[in-house]
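Colleague: The structure follows.
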There are 2 protein chains.
Amino acid sequence: MSVDTPETDDIPAARLSDVQAGDTRERLLGARYGQALPEAPLPWNDVIGTMLAHRSVRAYLPRTLPDGTLETLVAAAQSASSSSNLQTWSVLSVTDPARKSRLAALSANQNAMREAPLLLVWLADLSRLQRLGDERGRAVDGLAYLEMVFVAIVDAALAAQNALVAAESLGLGGVYIGAMRNKPIEVAAELGLPSQVFAVFGLCIGYPDPARTSGVKPRLDQRVVLHREQYDVAAAQDYVADYDETLLSFQRDQAMAQVPWSERVLQRVGGAHSLSGRDRMRAALDALGFGLR
Amino acid sequence: MSVDTPETDDIPAARLSDVQAGDTRERLLGARYGQALPEAPLPWNDVIGTMLAHRSVRAYLPRTLPDGTLETLVAAAQSASSSSNLQTWSVLSVTDPARKSRLAALSANQNAMREAPLLLVWLADLSRLQRLGDERGRAVDGLAYLEMVFVAIVDAALAAQNALVAAESLGLGGVYIGAMRNKPIEVAAELGLPSQVFAVFGLCIGYPDPARTSGVKPRLDQRVVLHREQYDVAAAQDYVADYDETLLSFQRDQAMAQVPWSERVLQRVGGAHSLSGRDRMRAALDALGFGLR
């Protein structure tokens, strides 16, 4: 009862970033903010716990999804608000391994797209209203404005987030693939998109591989992103140094390369060269039939 | 025991659109899709029920929110994914009645903004990274591209949707205010926004007034918005006539003006005149310091 029993000190404490939806409010908030917790006791329930436990899942078990999962996710997505009920989005489900692999090759080769049994591609879709106008012989010149692209992007994002939270509530995991905007014209060709449709982002869905899960990533202090009554520039810039430390600690915890957040984001927005081809977004949308006036 | 008892026939049956989060899957899907239900028995739980029961709430009780509600909603919002963890969004909480009223006057006079105890304004915020670059003497020329506005809009929308679902799970209700984009420059002035920040939309939050609630609004058939492997133009245009009927029935049920969906959306996108000022979005963003290259 002594020799082979490891001492308590040798057993790593459960990492805070390993929290799950059912964990306490304090642990979930601790993982989300590092040490910089909001002060008040916050209203809480299981739905909120599910959201707080979100982490991007990039490694999946080779396991198909139960029947009806796709339809549930789409029902959740369609239950999100839509600007003026225009419903300017569509979603493409991709399960064919060869197609997922080709799309991955167009999207910074993200392996999650190959591993996930389901890839949802969220489309900003003005073509449905264009076709309706064409059928009825009605002008739809309003579609040609930048504003309508914003409407479609917001519609698609609200819908996708409902789908992801629904998936997570079912024990699934996912990750958004913004890199699907790296080569919008090639992606549109692969997916057979008509004019005035583009892929805003992908969303991989599957069962997380427990051997390769990541932790809950801390975010900026609430005092950085939350302003009251008017924007407060000074407050917004405080706490960034603290956040660098919090994120370095998370990276150590996750055995990731340690790069301060401030350095990583400055590299990411340094110039056209750092946008992975997306500096050509305007020209690409023009080629895909959007007006962008 | 007889005379004053109303006959059963005199009591209107509970309207399907009056469903609540805890109702059966069949009733919730029935309200969301009218008669055009997805066929398979779908995976389900309370989180999904909460989402399916969403309706936009525009009428509120004069009741303040419990302490900590704002912080819970922001924690849920920050738990949503962020593109490359850039966190290119901020949120402004507005509770001052005079400011809410001024903002309503700039946003098509939507009374929900005056009634709601809390107005959240979701900001596409590239200014934080600009300030970081300025502080460190680093080029952040990547911020000047249209793509970065898309990143910020998606970030803000994913965050906001988590906040709304969290609010709904707490028994609150809300409605998005896209009309906050009608006069972006005036809204930015009212909120003291720095350069490279704009209000993507508002989100009113409060306790729904049960005497003035709306029902769950049906959406387009799943076969219209969900495509498999490749976009199917023919399928996408089917079922629109059916949806007109479904929505007319909903409008009758809600004692709303009866206008077919196809007619309403065609009016909404007819031309620059139908965009409520948002046809000037590009010029407004230029004036607010965005590059849009």
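So you can find residues: chains in the structure tokens are A, B, ... in the order shown, residues in each start at 1, and ligands are numbered from 1 in order.
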As a list of chain:residue names, please: the residues near Ala163 (chain A) (cut-off 6 Å, only C-alpha atoms, same-chain neighbours under 4 positions excluded).
Modeller: A:Leu73, A:Ala76, A:Ala77
Colleague: Onto chain A, please fit chain B by least squares using all C-alpha atoms in order, then return the transformed chain as a compact mmCIF listing (two decimals) with C-alpha atoms, in the first residue's frame.
Modeller:
# COMPACT_ATOMS: atom_id res chain seq x y z
CA MET B 1 -1.40 -1.36 -0.66
CA SER B 2 1.61 0.89 -0.68
CA VAL B 3 4.39 0.26 -3.17
CA ASP B 4 2.68 0.63 -6.52
CA THR B 5 0.24 3.35 -5.56
CA PRO B 6 1.37 6.58 -7.20
CA GLU B 7 1.67 9.46 -4.80
CA THR B 8 -0.96 12.11 -5.12
CA ASP B 9 1.69 14.65 -6.05
CA ASP B 10 2.57 12.65 -9.16
CA ILE B 11 -0.91 12.99 -10.63
CA PRO B 12 -1.19 16.33 -12.38
CA ALA B 13 -4.10 18.37 -11.09
CA ALA B 14 -6.96 18.63 -13.57
CA ARG B 15 -6.09 21.59 -15.76
CA LEU B 16 -8.55 24.44 -15.52
CA SER B 17 -8.71 24.57 -19.32
CA ASP B 18 -10.08 21.00 -19.25
CA VAL B 19 -13.41 22.18 -17.84
CA GLN B 20 -16.63 20.67 -19.17
CA ALA B 21 -20.14 22.06 -19.60
CA GLY B 22 -21.34 20.63 -16.27
CA ASP B 23 -18.49 22.14 -14.23
CA THR B 24 -19.12 24.92 -11.76
CA ARG B 25 -19.69 28.46 -12.90
CA GLU B 26 -16.49 29.50 -11.12
CA ARG B 27 -14.33 26.92 -12.91
CA LEU B 28 -15.90 27.69 -16.30
CA LEU B 29 -15.43 31.43 -15.86
CA GLY B 30 -11.92 30.81 -14.56
CA ALA B 31 -11.00 28.90 -17.69
CA ARG B 32 -12.56 31.53 -19.94
CA TYR B 33 -10.90 34.53 -18.33
CA GLY B 34 -7.83 33.26 -16.52
CA GLN B 35 -7.64 35.17 -13.26
CA ALA B 36 -9.66 38.16 -14.40
CA LEU B 37 -13.12 36.97 -13.38
CA PRO B 38 -16.21 39.15 -13.52
CA GLU B 39 -16.99 40.01 -9.91
CA ALA B 40 -20.70 39.55 -9.38
CA PRO B 41 -22.22 36.08 -8.95
CA LEU B 42 -23.59 35.59 -12.43
CA PRO B 43 -26.94 34.05 -13.44
CA TRP B 44 -26.21 30.55 -14.73
CA ASN B 45 -27.71 27.37 -16.17
CA ASP B 46 -26.76 24.38 -18.32
CA VAL B 47 -27.25 26.21 -21.62
CA ILE B 48 -24.77 28.84 -20.51
CA GLY B 49 -22.43 26.14 -19.20
CA THR B 50 -22.50 24.51 -22.63
CA MET B 51 -21.45 27.77 -24.26
CA LEU B 52 -18.75 28.56 -21.71
CA ALA B 53 -17.22 25.11 -22.22
CA HIS B 54 -16.74 25.75 -25.96
CA ARG B 55 -13.38 24.99 -27.46
CA SER B 56 -12.58 24.51 -31.12
CA VAL B 57 -12.28 20.80 -31.90
CA ARG B 58 -9.88 19.94 -34.71
CA ALA B 59 -9.39 16.19 -34.07
CA TYR B 60 -12.26 13.73 -34.39
CA LEU B 61 -13.03 10.09 -33.80
CA PRO B 62 -13.75 8.09 -36.97
CA ARG B 63 -17.41 7.80 -36.02
CA THR B 64 -20.45 8.78 -38.08
CA LEU B 65 -23.17 11.03 -36.69
CA PRO B 66 -26.54 9.65 -35.54
CA ASP B 67 -29.37 9.80 -38.07
CA GLY B 68 -31.15 13.12 -38.01
CA THR B 69 -28.21 15.07 -36.57
CA LEU B 70 -27.84 17.18 -39.70
CA GLU B 71 -31.56 17.98 -39.72
CA THR B 72 -31.47 18.96 -36.03
CA LEU B 73 -28.52 21.27 -36.61
CA VAL B 74 -30.25 22.91 -39.57
CA ALA B 75 -33.48 23.32 -37.58
CA ALA B 76 -31.49 25.06 -34.84
CA ALA B 77 -29.77 27.19 -37.48
CA GLN B 78 -33.05 28.21 -39.09
CA SER B 79 -34.41 29.15 -35.67
CA ALA B 80 -31.88 31.98 -35.42
CA SER B 81 -33.04 35.44 -36.39
CA SER B 82 -32.88 36.49 -40.03
CA SER B 83 -32.74 40.12 -41.13
CA SER B 84 -36.27 41.08 -42.28
CA ASN B 85 -36.84 37.31 -42.57
CA LEU B 86 -35.03 37.49 -45.92
CA GLN B 87 -33.24 34.21 -45.11
CA THR B 88 -30.27 35.14 -47.27
CA TRP B 89 -28.20 32.09 -46.35
CA SER B 90 -27.96 28.46 -47.33
CA VAL B 91 -25.86 25.63 -46.00
CA LEU B 92 -24.08 22.85 -47.82
CA SER B 93 -23.39 19.53 -46.06
CA VAL B 94 -20.29 17.78 -47.34
CA THR B 95 -19.52 14.22 -46.25
CA ASP B 96 -17.79 12.82 -49.36
CA PRO B 97 -14.15 12.26 -48.28
CA ALA B 98 -12.76 13.19 -51.69
CA ARG B 99 -14.65 16.48 -51.76
CA LYS B 100 -13.69 17.30 -48.16
CA SER B 101 -10.09 16.66 -49.07
CA ARG B 102 -10.25 18.88 -52.15
CA LEU B 103 -11.87 21.63 -50.08
CA ALA B 104 -9.17 21.25 -47.43
CA ALA B 105 -6.54 21.69 -50.14
CA LEU B 106 -8.22 25.01 -50.98
CA SER B 107 -8.40 26.03 -47.30
CA ALA B 108 -4.86 26.09 -45.92
CA ASN B 109 -4.90 22.29 -45.77
CA GLN B 110 -6.72 22.16 -42.48
CA ASN B 111 -6.78 18.53 -41.53
CA ALA B 112 -9.92 18.94 -39.42
CA MET B 113 -11.84 19.13 -42.72
CA ARG B 114 -10.62 15.67 -43.67
CA GLU B 115 -11.15 14.12 -40.22
CA ALA B 116 -14.59 15.49 -39.49
CA PRO B 117 -17.45 13.26 -40.69
CA LEU B 118 -19.48 16.36 -41.54
CA LEU B 119 -18.37 19.65 -43.07
CA LEU B 120 -21.03 22.35 -43.17
CA VAL B 121 -20.32 25.19 -45.58
CA TRP B 122 -22.26 28.33 -44.69
CA LEU B 123 -23.24 30.35 -47.72
CA ALA B 124 -24.13 34.01 -48.10
CA ASP B 125 -26.89 33.45 -50.64
CA LEU B 126 -28.47 36.32 -52.56
CA SER B 127 -29.23 34.06 -55.51
CA ARG B 128 -32.56 32.85 -54.12
CA LEU B 129 -33.96 36.37 -54.13
CA GLN B 130 -32.41 37.03 -57.54
CA ARG B 131 -34.17 33.95 -58.97
CA LEU B 132 -37.43 34.99 -57.33
CA GLY B 133 -37.15 38.41 -58.94
CA ASP B 134 -36.32 36.86 -62.31
CA GLU B 135 -39.32 34.52 -62.10
CA ARG B 136 -41.70 37.34 -61.25
CA GLY B 137 -40.15 39.87 -63.61
CA ARG B 138 -39.35 42.17 -60.71
CA ALA B 139 -36.34 44.42 -60.18
CA VAL B 140 -34.07 43.31 -57.33
CA ASP B 141 -31.46 46.02 -57.73
CA GLY B 142 -31.11 46.29 -53.95
CA LEU B 143 -29.14 43.05 -54.00
CA ALA B 144 -26.21 44.80 -55.66
CA TYR B 145 -25.20 46.74 -52.54
CA LEU B 146 -22.49 45.97 -49.99
CA GLU B 147 -25.18 46.18 -47.30
CA MET B 148 -26.86 43.04 -48.67
CA VAL B 149 -23.60 41.12 -48.39
CA PHE B 150 -23.47 42.21 -44.75
CA VAL B 151 -27.07 41.03 -44.25
CA ALA B 152 -26.22 37.64 -45.74
CA ILE B 153 -23.02 37.26 -43.71
CA VAL B 154 -24.82 38.13 -40.46
CA ASP B 155 -27.70 35.77 -41.29
CA ALA B 156 -25.25 32.95 -42.03
CA ALA B 157 -23.21 33.56 -38.88
CA LEU B 158 -26.21 33.66 -36.53
CA ALA B 159 -27.48 30.43 -38.09
CA ALA B 160 -24.12 28.68 -37.90
CA GLN B 161 -23.59 29.59 -34.26
CA ASN B 162 -26.92 28.02 -33.33
CA ALA B 163 -25.88 24.89 -35.23
CA LEU B 164 -22.56 24.71 -33.39
CA VAL B 165 -24.07 25.22 -29.94
CA ALA B 166 -26.70 22.58 -30.77
CA ALA B 167 -23.93 20.20 -31.84
CA GLU B 168 -21.97 20.84 -28.65
CA SER B 169 -25.07 20.22 -26.56
CA LEU B 170 -25.26 16.78 -28.22
CA GLY B 171 -21.69 15.92 -27.23
CA LEU B 172 -20.23 16.80 -30.61
CA GLY B 173 -17.53 19.35 -31.29
CA GLY B 174 -16.64 21.65 -34.12
CA VAL B 175 -14.36 24.29 -35.55
CA TYR B 176 -15.00 27.14 -37.93
CA ILE B 177 -12.88 27.27 -41.07
CA GLY B 178 -12.38 30.89 -42.10
CA ALA B 179 -9.72 29.67 -44.53
CA MET B 180 -12.57 28.69 -46.85
CA ARG B 181 -12.37 32.36 -47.87
CA ASN B 182 -8.74 31.98 -49.03
CA LYS B 183 -9.80 30.93 -52.55
CA PRO B 184 -13.48 31.85 -52.91
CA ILE B 185 -13.67 31.30 -56.66
CA GLU B 186 -12.19 27.80 -56.55
CA VAL B 187 -14.39 26.87 -53.59
CA ALA B 188 -17.48 28.11 -55.45
CA ALA B 189 -16.55 25.97 -58.45
CA GLU B 190 -16.05 22.86 -56.31
CA LEU B 191 -19.45 23.35 -54.68
CA GLY B 192 -21.33 24.30 -57.85
CA LEU B 193 -22.42 27.64 -56.41
CA PRO B 194 -24.53 29.87 -58.66
CA SER B 195 -23.83 33.57 -59.10
CA GLN B 196 -24.34 35.73 -55.97
CA VAL B 197 -23.43 32.95 -53.54
CA PHE B 198 -20.18 32.59 -51.65
CA ALA B 199 -18.85 30.42 -48.85
CA VAL B 200 -18.49 32.60 -45.75
CA PHE B 201 -16.85 29.86 -43.67
CA GLY B 202 -16.87 26.14 -43.08
CA LEU B 203 -17.83 24.36 -39.87
CA CYS B 204 -16.42 20.90 -39.14
CA ILE B 205 -18.60 18.70 -36.91
CA GLY B 206 -17.81 15.36 -35.29
CA TYR B 207 -17.09 13.46 -32.09
CA PRO B 208 -14.05 14.99 -30.38
CA ASP B 209 -11.10 12.61 -30.04
CA PRO B 210 -10.53 12.70 -26.25
CA ALA B 211 -6.84 11.91 -26.77
CA ARG B 212 -6.38 15.05 -28.85
CA THR B 213 -8.64 17.67 -27.30
CA SER B 214 -7.68 21.25 -26.66
CA GLY B 215 -8.59 23.29 -23.64
CA VAL B 216 -10.93 26.24 -23.21
CA LYS B 217 -9.07 29.25 -24.57
CA PRO B 218 -9.05 32.34 -22.38
CA ARG B 219 -10.37 35.57 -23.87
CA LEU B 220 -9.68 39.24 -23.29
CA ASP B 221 -10.86 40.69 -20.00
CA GLN B 222 -14.52 41.74 -20.12
CA ARG B 223 -13.38 45.28 -19.39
CA VAL B 224 -11.66 45.33 -22.78
CA VAL B 225 -14.64 44.36 -24.91
CA LEU B 226 -17.59 45.63 -22.85
CA HIS B 227 -18.26 49.36 -22.89
CA ARG B 228 -21.04 51.15 -21.04
CA GLU B 229 -23.11 53.88 -22.66
CA GLN B 230 -20.21 55.11 -24.78
CA TYR B 231 -17.00 53.63 -26.15
CA ASP B 232 -14.09 54.06 -23.73
CA VAL B 233 -10.81 54.01 -25.64
CA ALA B 234 -8.61 53.97 -22.55
CA ALA B 235 -10.35 50.98 -20.95
CA ALA B 236 -10.30 49.15 -24.23
CA GLN B 237 -6.52 49.22 -24.36
CA ASP B 238 -5.89 48.25 -20.75
CA TYR B 239 -5.33 44.66 -19.78
CA VAL B 240 -3.79 43.62 -23.10
CA ALA B 241 -0.45 42.96 -21.39
CA ASP B 242 -2.24 40.86 -18.76
CA TYR B 243 -3.94 38.92 -21.54
CA ASP B 244 -0.60 38.18 -23.17
CA GLU B 245 0.45 36.56 -19.88
CA THR B 246 -2.82 34.63 -19.53
CA LEU B 247 -2.54 33.26 -23.04
CA LEU B 248 1.13 32.36 -22.65
CA SER B 249 0.17 30.36 -19.59
CA PHE B 250 -2.58 28.62 -21.59
CA GLN B 251 -0.13 27.83 -24.39
CA ARG B 252 2.33 26.30 -21.90
CA ASP B 253 -0.53 24.28 -20.42
CA GLN B 254 -1.47 22.99 -23.89
CA ALA B 255 2.14 22.36 -24.98
CA MET B 256 1.60 24.84 -27.81
CA ALA B 257 4.17 27.21 -29.27
CA GLN B 258 4.38 30.23 -26.97
CA VAL B 259 3.68 33.47 -28.79
CA PRO B 260 2.15 36.48 -27.02
CA TRP B 261 -1.32 37.34 -28.31
CA SER B 262 -0.29 40.87 -29.21
CA GLU B 263 2.56 39.55 -31.34
CA ARG B 264 0.43 36.93 -33.04
CA VAL B 265 -2.37 39.32 -33.98
CA LEU B 266 0.03 41.99 -35.21
CA GLN B 267 1.59 39.42 -37.54
CA ARG B 268 -1.87 38.35 -38.69
CA VAL B 269 -2.92 41.87 -39.79
CA GLY B 270 0.47 43.16 -40.91
CA GLY B 271 -0.48 43.65 -44.54
CA ALA B 272 -1.91 42.12 -47.68
CA HIS B 273 0.72 39.36 -47.48
CA SER B 274 -0.63 38.17 -44.12
CA LEU B 275 -4.23 37.71 -45.31
CA SER B 276 -3.68 34.33 -47.06
CA GLY B 277 -5.15 35.54 -50.33
CA ARG B 278 -8.14 37.21 -48.77
CA ASP B 279 -6.78 40.62 -49.70
CA ARG B 280 -8.42 39.81 -53.06
CA MET B 281 -11.88 39.35 -51.55
CA ARG B 282 -13.41 42.33 -53.34
CA ALA B 283 -12.26 41.13 -56.74
CA ALA B 284 -13.40 37.59 -55.93
CA LEU B 285 -16.88 38.70 -54.91
CA ASP B 286 -17.11 40.79 -58.04
CA ALA B 287 -16.24 37.70 -60.08
CA LEU B 288 -18.88 35.72 -58.17
CA GLY B 289 -21.63 38.13 -59.22
CA PHE B 290 -21.91 40.41 -56.19
CA GLY B 291 -22.48 44.12 -56.75
CA LEU B 292 -20.81 45.59 -53.63
CA ARG B 293 -22.01 49.08 -54.49
Colleague: Taking the chain letters and numbering used in this document, name the residues of region 65-141 of chain A that DSSP puts in strand (DSSP E), as a compact mmCIF listing (two decimals) with C-alpha atoms, in the first residue's frame.
Modeller:
# COMPACT_ATOMS: atom_id res chain seq x y z
CA TRP A 89 -28.20 32.17 -46.41
CA SER A 90 -27.98 28.53 -47.38
CA VAL A 91 -25.89 25.68 -46.05
CA LEU A 92 -24.14 22.89 -47.89
CA SER A 93 -23.48 19.58 -46.15
CA VAL A 94 -20.39 17.80 -47.42
CA LEU A 118 -19.60 16.35 -41.63
CA LEU A 119 -18.47 19.63 -43.14
CA LEU A 120 -21.10 22.36 -43.24
CA VAL A 121 -20.37 25.20 -45.63
CA TRP A 122 -22.29 28.36 -44.73
CA LEU A 123 -23.25 30.40 -47.75
CA ALA A 124 -24.10 34.06 -48.12
CA ASP A 125 -26.86 33.55 -50.67
Colleague: Please identify which residues in region 238-275 of chain A DSSP calls alpha helix (DSSP H) from the backbone, and express them as number ranges by chain.
Modeller: A: 240-253, 261-268
